[in-house]
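Here is work19.json, consisting of JSON, C-alpha atoms:
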```
[["chain", "number", "residue", "atom", "x", "y", "z"],
["T", 1, "MET", "CA", -38.30, 35.10, 58.49],
["T", 2, "ARG", "CA", -35.29, 32.92, 57.71],
["T", 3, "ILE", "CA", -36.74, 32.01, 54.33],
["T", 4, "LEU", "CA", -37.15, 35.67, 53.43],
["T", 5, "LYS", "CA", -33.56, 36.44, 54.49],
["T", 6, "TYR", "CA", -32.14, 33.64, 52.36],
["T", 7, "LEU", "CA", -34.40, 34.47, 49.42],
["T", 8, "VAL", "CA", -33.32, 38.14, 49.47],
["T", 9, "LEU", "CA", -29.68, 37.07, 49.65],
["T", 10, "GLY", "CA", -30.32, 34.75, 46.71],
["T", 11, "ILE", "CA", -31.87, 37.58, 44.68],
["T", 12, "LEU", "CA", -28.85, 39.78, 45.40],
["T", 13, "LEU", "CA", -26.64, 36.90, 44.30],
["T", 14, "LEU", "CA", -28.70, 36.60, 41.11],
["T", 15, "TYR", "CA", -27.90, 40.22, 40.26],
["T", 16, "PHE", "CA", -24.25, 39.55, 41.05],
["T", 17, "GLN", "CA", -24.32, 36.46, 38.83],
["T", 18, "ILE", "CA", -25.88, 38.32, 35.92],
["T", 19, "MET", "CA", -23.94, 41.58, 36.16],
["T", 20, "LEU", "CA", -20.49, 40.75, 37.55],
["T", 21, "ALA", "CA", -19.86, 37.04, 37.02],
["T", 22, "PRO", "CA", -19.31, 37.42, 33.23],
["T", 23, "LYS", "CA", -16.33, 39.64, 34.05],
["T", 24, "PHE", "CA", -14.66, 36.59, 35.65],
["T", 25, "ALA", "CA", -15.22, 34.43, 32.55],
["T", 26, "LEU", "CA", -12.32, 32.44, 31.20],
["T", 27, "TYR", "CA", -12.52, 30.65, 27.83],
["T", 28, "GLY", "CA", -16.23, 31.39, 27.78],
["T", 29, "ILE", "CA", -16.87, 29.72, 31.15],
["T", 30, "ILE", "CA", -18.73, 31.94, 33.59],
["T", 31, "PRO", "CA", -18.34, 30.85, 37.22],
["T", 32, "ASN", "CA", -21.58, 29.89, 38.91],
["T", 33, "PHE", "CA", -21.70, 31.47, 42.35],
["T", 34, "PHE", "CA", -25.03, 29.80, 43.08],
["T", 35, "LEU", "CA", -23.32, 26.47, 43.72],
["T", 36, "ALA", "CA", -21.50, 27.97, 46.71],
["T", 37, "TYR", "CA", -24.77, 29.46, 47.91],
["T", 38, "LEU", "CA", -26.52, 26.09, 47.61],
["T", 39, "VAL", "CA", -23.75, 24.38, 49.58],
["T", 40, "TYR", "CA", -23.97, 27.10, 52.23],
["T", 41, "LEU", "CA", -27.77, 26.89, 52.44],
["T", 42, "ASN", "CA", -27.84, 23.11, 52.66],
["T", 43, "ILE", "CA", -25.32, 23.09, 55.47],
["T", 44, "ARG", "CA", -27.17, 25.77, 57.45],
["T", 45, "GLN", "CA", -30.83, 25.02, 56.75],
["T", 46, "ASP", "CA", -33.35, 22.22, 56.47],
["T", 47, "ARG", "CA", -34.40, 20.66, 53.17],
["T", 48, "LYS", "CA", -37.88, 22.22, 53.47],
["T", 49, "ILE", "CA", -36.35, 25.68, 53.29],
["T", 50, "VAL", "CA", -33.60, 25.00, 50.74],
["T", 51, "LEU", "CA", -35.53, 23.20, 48.00],
["T", 52, "PRO", "CA", -38.05, 26.00, 47.30],
["T", 53, "ILE", "CA", -35.23, 28.55, 47.30],
["T", 54, "ALA", "CA", -33.14, 26.36, 44.96],
["T", 55, "PHE", "CA", -36.15, 25.97, 42.66],
["T", 56, "LEU", "CA", -36.88, 29.72, 42.54],
["T", 57, "LEU", "CA", -33.26, 30.73, 42.07],
["T", 58, "GLY", "CA", -32.75, 28.10, 39.38],
["T", 59, "LEU", "CA", -35.86, 29.32, 37.61],
["T", 60, "ALA", "CA", -34.71, 32.94, 37.87],
["T", 61, "LEU", "CA", -31.30, 32.03, 36.44],
["T", 62, "ASP", "CA", -32.96, 30.00, 33.67],
["T", 63, "LEU", "CA", -35.01, 33.02, 32.64],
["T", 64, "THR", "CA", -31.77, 34.89, 31.95],
["T", 65, "TYR", "CA", -30.56, 32.04, 29.69],
["T", 66, "PRO", "CA", -33.69, 31.01, 27.75],
["T", 67, "SER", "CA", -31.90, 28.45, 25.58],
["T", 68, "LEU", "CA", -31.33, 26.26, 28.65],
["T", 69, "LEU", "CA", -34.74, 26.79, 30.22],
["T", 70, "GLY", "CA", -35.16, 24.34, 33.08],
["T", 71, "MET", "CA", -31.60, 23.03, 33.18],
["T", 72, "ASN", "CA", -30.40, 25.21, 36.06],
["T", 73, "THR", "CA", -33.59, 24.54, 38.01],
["T", 74, "PHE", "CA", -33.16, 20.80, 37.60],
["T", 75, "ALA", "CA", -29.44, 20.95, 38.37],
["T", 76, "PHE", "CA", -29.94, 23.11, 41.47],
["T", 77, "ILE", "CA", -32.55, 20.74, 42.86],
["T", 78, "VAL", "CA", -30.41, 17.66, 42.18],
["T", 79, "VAL", "CA", -27.35, 19.31, 43.73],
["T", 80, "SER", "CA", -29.38, 20.46, 46.74],
["T", 81, "LEU", "CA", -30.73, 16.97, 47.32],
["T", 82, "LEU", "CA", -27.24, 15.52, 46.98],
["T", 83, "ILE", "CA", -25.70, 17.99, 49.42],
["T", 84, "ASN", "CA", -28.54, 17.70, 51.89],
["T", 85, "SER", "CA", -28.31, 13.91, 51.90],
["T", 86, "TYR", "CA", -24.57, 13.69, 52.50],
["T", 87, "HIS", "CA", -23.38, 16.86, 54.24],
["T", 88, "GLU", "CA", -23.75, 15.48, 57.77],
["T", 89, "ASN", "CA", -21.29, 12.67, 57.02],
["T", 90, "ILE", "CA", -18.55, 15.13, 56.06],
["T", 91, "ASN", "CA", -16.05, 16.62, 58.48],
["T", 92, "LYS", "CA", -16.50, 20.30, 57.63],
["T", 93, "ARG", "CA", -13.46, 21.36, 59.65],
["T", 94, "ARG", "CA", -11.03, 19.73, 57.23],
["T", 95, "PHE", "CA", -10.40, 21.89, 54.17],
["T", 96, "ILE", "CA", -9.42, 19.01, 51.89],
["T", 97, "ILE", "CA", -12.66, 17.15, 52.65],
["T", 98, "VAL", "CA", -14.73, 20.26, 51.94],
["T", 99, "LEU", "CA", -12.76, 20.82, 48.72],
["T", 100, "LEU", "CA", -13.41, 17.24, 47.58],
["T", 101, "GLY", "CA", -17.12, 17.71, 48.33],
["T", 102, "ILE", "CA", -17.18, 20.90, 46.27],
["T", 103, "ILE", "CA", -15.44, 19.08, 43.41],
["T", 104, "VAL", "CA", -18.17, 16.40, 43.50],
["T", 105, "VAL", "CA", -20.88, 19.07, 43.50],
["T", 106, "ASN", "CA", -19.32, 20.75, 40.46],
["T", 107, "ILE", "CA", -18.90, 17.43, 38.65],
["T", 108, "VAL", "CA", -22.58, 16.58, 39.19],
["T", 109, "TYR", "CA", -23.67, 20.06, 38.08],
["T", 110, "TYR", "CA", -21.61, 19.95, 34.89],
["T", 111, "LEU", "CA", -22.52, 16.33, 34.15],
["T", 112, "ILE", "CA", -26.15, 17.41, 33.89],
["T", 113, "PHE", "CA", -25.21, 20.05, 31.34],
["T", 114, "MET", "CA", -22.86, 17.69, 29.49],
["T", 115, "PHE", "CA", -25.66, 15.16, 29.21],
["T", 116, "TYR", "CA", -27.92, 17.84, 27.73],
["T", 117, "HIS", "CA", -25.28, 18.91, 25.20],
["T", 118, "ILE", "CA", -24.56, 15.32, 24.18],
["T", 119, "ILE", "CA", -28.25, 14.56, 23.63],
["T", 120, "SER", "CA", -28.87, 17.78, 21.71],
["T", 121, "SER", "CA", -25.74, 17.24, 19.58],
["T", 122, "LEU", "CA", -24.20, 20.54, 20.62],
["T", 123, "ILE", "CA", -20.75, 19.09, 21.12],
["T", 124, "LEU", "CA", -18.00, 21.55, 20.29],
["T", 125, "PRO", "CA", -14.37, 20.68, 19.54],
["T", 126, "ARG", "CA", -12.53, 19.84, 22.77],
["T", 127, "PHE", "CA", -15.86, 19.56, 24.57],
["T", 128, "PHE", "CA", -14.71, 17.21, 27.32],
["T", 129, "LEU", "CA", -11.49, 19.13, 27.92],
["T", 130, "LEU", "CA", -13.51, 22.33, 28.27],
["T", 131, "ALA", "CA", -15.92, 20.58, 30.65],
["T", 132, "MET", "CA", -13.05, 19.39, 32.85],
["T", 133, "PHE", "CA", -11.64, 22.91, 32.89],
["T", 134, "ALA", "CA", -15.09, 24.25, 33.80],
["T", 135, "VAL", "CA", -15.23, 21.91, 36.80],
["T", 136, "PHE", "CA", -11.77, 22.99, 37.94],
["T", 137, "PHE", "CA", -12.42, 26.70, 37.32],
["T", 138, "ASN", "CA", -15.79, 26.69, 39.04],
["T", 139, "THR", "CA", -14.43, 24.67, 41.98],
["T", 140, "ILE", "CA", -12.01, 27.49, 42.73],
["T", 141, "PHE", "CA", -14.76, 30.12, 42.68],
["T", 142, "THR", "CA", -17.17, 27.92, 44.63],
["T", 143, "THR", "CA", -14.61, 27.29, 47.37],
["T", 144, "ILE", "CA", -13.69, 30.96, 47.73],
["T", 145, "THR", "CA", -17.33, 32.07, 47.68],
["T", 146, "LEU", "CA", -18.38, 29.43, 50.22],
["T", 147, "TYR", "CA", -15.77, 30.58, 52.70],
["T", 148, "LEU", "CA", -16.78, 34.20, 52.08],
["T", 149, "PHE", "CA", -20.38, 33.26, 52.96],
["T", 150, "ILE", "CA", -19.17, 31.57, 56.15],
["T", 151, "ILE", "CA", -17.07, 34.61, 57.12],
["T", 152, "ALA", "CA", -19.92, 37.02, 56.30],
["T", 153, "GLU", "CA", -22.26, 34.98, 58.51],
["T", 154, "LYS", "CA", -20.18, 35.92, 61.54],
["T", 155, "PHE", "CA", -20.99, 39.61, 61.02],
["T", 156, "ARG", "CA", -24.27, 40.81, 62.48],
["T", 157, "PHE", "CA", -26.13, 43.61, 60.78],
["T", 158, "THR", "CA", -29.09, 45.28, 62.45],
["T", 159, "ILE", "CA", -31.28, 48.03, 61.15],
["T", 160, "ASN", "CA", -33.14, 50.15, 63.67],
["T", 161, "VAL", "CA", -36.07, 51.97, 62.21]]
```
So that I can check it, write out the structure of this file as structure tokens.
Amino acid sequence: MRILKYLVLGILLLYFQIMLAPKFALYGIIPNFFLAYLVYLNIRQDRKIVLPIAFLLGLALDLTYPSLLGMNTFAFIVVSLLINSYHENINKRRFIIVLLGIIVVNIVYYLIFMFYHIISSLILPRFFLLAMFAVFFNTIFTTITLYLFIIAEKFRFTINV
């Protein structure tokens, strides 16, 4: 039942990512709210639950951006494995430590895409400056969204039918 709950939440986040996230774009960079969701899932759940969800959500996001087919799936799985391997060594009560962890997650995520763009010769002017801004910009949204997930977890919703 937990898998279904997290998968439904991921699908709702996919709609949010597709419909509302472009409204937060700055210099063509759309924040990726899935990174916060992956951090949240990896902290709360076991690897056996998170990896299939990360794969399916990455695949669903890749289908909306066909030119990068497979890149989000690969990046989500790598990020999930990274978070799952190291999250127990991090003091989650200290904001600065969590922020540094989120910065590392964003750097890894964007390094995968930078590597793809370098290999495919799709380097634009000021490419590395834009990539550094993307890491900074997405770190802000990832941090805010992660804490919103943690706050929302404290609310209990029940439906009596």
Please identify all polymer residues lying at most 10 Å from the point (-27.7, 17.3, 42.2) (file coordinates), using only C-alpha atoms, and present the result as a PyMOL selection string. chain T and resi 74-84+104-112
Selected residue of minimal separation from T:Arg126 among T:Tyr27, T:Tyr86, T:Phe33, T:Phe149, counting all atoms listed in the file: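 That would be T:Tyr27, the residue with the smallest distance to T:Arg126.
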Tell me, in Å to one decimal, how far atom CA of T:Leu57 is from atom CA of T:Arg94.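 Atom-to-atom, atom CA of T:Leu57 to atom CA of T:Arg94, that is 29.1 Å.
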Residue nearest T:Arg2 among T:Met114, T:Ser85, T:Met71, T:Leu41 (counting all atoms listed in the file):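 Distance minimum relative to T:Arg2 lands on T:Leu41.
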Could you tell me how far atom CA of T:Glu88 lies from atom CA of T:Ile43, in Å and to one decimal? 8.1 Å
Pick from T:Tyr6, T:Ala60, T:Leu69, T:Leu51: nearest to T:Ile18, with all atoms listed in the file counted?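 Closest residue, counting all atoms listed in the file: T:Ala60.
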What does the structure give for the distance between atom CA of T:Thr143 and atom CA of T:Tyr37, in Å to one decimal? 10.4 Å
Residues near T:Asn32, cut-off 8 Å, all atoms listed in the file, skip fewer than 2 positions along chain, as a list in words: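 Counting all atoms listed in the file, the residues come to Gln17, Ala21, Ile30, Phe34, Leu35, Asn138, Phe141 and Thr142 of chain T.
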Given the choices T:Val135, T:Leu20, T:Leu9, T:Ile119, which gets closest to T:Ile102 if the distance is worked out from only C-alpha atoms?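 So, comparing all the options, the nearest one is T:Val135.
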Nearest candidate to T:Ala25 (options T:Ser67, T:Phe137, T:Arg44, T:Leu61; using all atoms listed in the file):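 With all atoms listed in the file as the atom set, the closest residue is T:Phe137.
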Measuring between all atoms listed in the file, which one of T:Gln45, T:Pro66, T:Ala54, T:Lys23 shows the shortest distance to T:Ile11?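 Looking only at the distances to T:Ile11, the closest residue turns out to be T:Ala54.
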